[in-house]
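File shown: my_file33.txt (compact mmCIF, C-alpha atoms).
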```
# COMPACT_ATOMS: atom_id res chain seq x y z
CA MET U 5 172.02 164.23 59.29
CA SER U 6 169.73 164.39 56.27
CA TYR U 7 165.97 164.36 56.15
CA GLY U 8 163.68 162.99 53.48
CA VAL U 9 161.41 165.26 51.50
CA LEU U 10 157.79 165.31 52.59
CA THR U 11 155.29 165.64 49.78
CA ARG U 12 151.58 166.30 50.05
CA ARG U 13 149.14 163.89 48.49
CA LYS U 14 145.39 163.98 48.65
CA MET U 15 144.09 160.81 50.24
CA THR U 16 140.57 160.17 49.10
CA THR U 17 139.93 156.67 50.47
CA ILE U 18 141.12 154.84 53.52
CA ILE U 19 141.02 151.10 52.99
CA LYS U 20 140.23 149.02 56.06
CA ILE U 21 141.55 145.49 55.88
CA PRO U 22 140.06 142.90 58.24
CA ALA U 23 142.69 141.43 60.54
CA ILE U 24 142.93 139.33 63.68
CA ALA U 25 145.53 140.12 66.35
CA VAL U 26 146.58 137.48 68.89
CA GLU U 27 148.84 138.25 71.84
CA ILE U 28 151.24 135.40 72.63
CA VAL U 29 152.87 135.32 76.07
CA LYS U 30 155.66 132.82 76.54
CA ASN U 31 158.75 131.90 78.49
CA LYS U 32 161.76 132.61 76.29
CA LYS U 33 163.91 130.02 78.09
CA THR U 34 161.51 127.09 78.01
CA GLY U 35 159.19 128.09 75.16
CA GLU U 36 156.13 127.49 77.35
CA VAL U 37 153.12 129.47 76.09
CA TYR U 38 150.84 130.98 78.75
CA ALA U 39 147.14 131.83 78.50
CA ASP U 40 147.92 135.45 79.40
CA LYS U 41 150.41 137.67 81.25
CA SER U 42 148.84 136.93 84.64
CA ALA U 43 149.53 133.20 84.13
CA PHE U 44 153.18 134.05 83.41
CA GLU U 45 153.34 136.24 86.52
CA ALA U 46 151.90 133.37 88.58
CA ASP U 47 154.71 131.14 87.26
CA VAL U 48 157.28 133.78 88.30
CA ALA U 49 155.72 133.96 91.78
CA ASN U 50 155.78 130.16 92.14
CA PRO U 51 158.89 129.24 94.16
CA ALA U 52 158.82 125.71 92.70
CA THR U 53 159.83 127.04 89.25
CA GLU U 54 162.98 128.77 88.04
CA THR U 55 161.00 131.28 85.94
CA THR U 56 162.02 134.92 86.41
CA ALA U 57 160.59 138.18 85.06
CA ASP U 58 163.51 138.25 82.58
CA ASP U 59 162.08 135.14 80.90
CA PHE U 60 159.03 137.11 79.69
CA GLN U 61 158.44 137.24 75.92
CA GLN U 62 155.41 138.84 74.31
CA ASP U 63 154.65 138.52 70.61
CA LEU U 64 151.79 139.81 68.51
CA GLN U 65 150.57 137.61 65.67
CA ILE U 66 148.54 139.50 63.08
CA THR U 67 146.59 137.60 60.45
CA VAL U 68 145.32 139.74 57.59
CA ALA U 69 142.51 138.65 55.30
CA SER U 70 143.37 138.34 51.63
CA VAL U 71 142.61 141.49 49.67
CA THR U 72 141.41 141.70 46.09
CA THR U 73 141.86 145.01 44.32
CA LYS U 74 139.73 146.36 41.55
CA PRO U 75 141.40 147.66 38.41
CA ALA U 76 141.30 151.43 38.01
CA ALA U 77 138.34 152.79 36.05
CA ASN U 78 139.22 154.52 32.80
```
Render the structure in this file as structure tokens.
Amino acid sequence: MSYGVLTRRKMTTIIKIPAIAVEIVKNKKTGEVYADKSAFEADVANPATETTADDFQQDLQITVASVTTKPAAN
């Protein structure tokens, strides 16, 4: 097993980029999207549906704002 070489760099600025994260809960068999995990769990508990806990799918959609960089000062 080989390991990469770790180098030290001085970080002077941390750039924060505005982003929006949306949790998506859905049934991977049917594709039905639920309002939240509790709505999915209610579907699992409903004996009138065939939904099981194994049908759970959770995705995270992240939308990042566009970023404009400034050229380096000479």
Legend entry - Residue nearest Glu27 in chain U - candidates U:Lys74, U:Ser42, U:Asp63, U:Ala69, atoms counted: all atoms listed in the file: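 Closest to Glu27 in chain U of all the choices is U:Asp63.
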Legend entry - Atom pair CA of Asp58 in chain U / CA of Ile28 in chain U: separation (Å): 16.1 Å
Legend entry - Test item: residues at most 12 Å from Ala39 in chain U, only C-alpha atoms, excluding those fewer than 6 positions along its chain, as a list in words: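 My list of contacting residues is Val26, Glu27, Ile28, Val29, Lys30, Asn31, Glu45, Ala46, Asp47 and Gln62 of chain U.
Proximity to Ala23 in chain U was assessed for U:Thr72, U:Pro51, U:Gln65, U:Thr56 counting all atoms listed in the file; the smallest distance is recorded for U:Gln65.
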Inset, instruction - State, in Å with one decimal place, the distance from CA of Thr17 in chain U to CA of Ile66 in chain U. - result: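 These two atoms are separated by 23.0 Å.
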Inset, instruction - Give the answer as one residue: which of U:Tyr38, U:Leu64, U:Phe44, U:Ser70 has the shortest atom-to-atom distance to Ile21 in chain U, using only C-alpha atoms? - result: U:Ser70
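You can rank U:Ile19, U:Val68, U:Arg13, U:Gln61 by their closest distance to Val37 in chain U using all atoms listed in the file, and at the top of that list sits U:Gln61.
Pairwise distance (CA of Ala52 in chain U, CA of Lys32 in chain U) equals 18.0 Å.
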Legend entry - Pick from U:Lys20, U:Thr67, U:Thr53, U:Phe60, whichever lies nearest to Asp40 in chain U using all atoms listed in the file: U:Phe60
Inset, instruction - Would you mind telling me which residue in U:Asp59, U:Ile18, U:Asn50, U:Pro75 lies nearest to Glu36 in chain U when using all atoms listed in the file? - result: U:Asp59
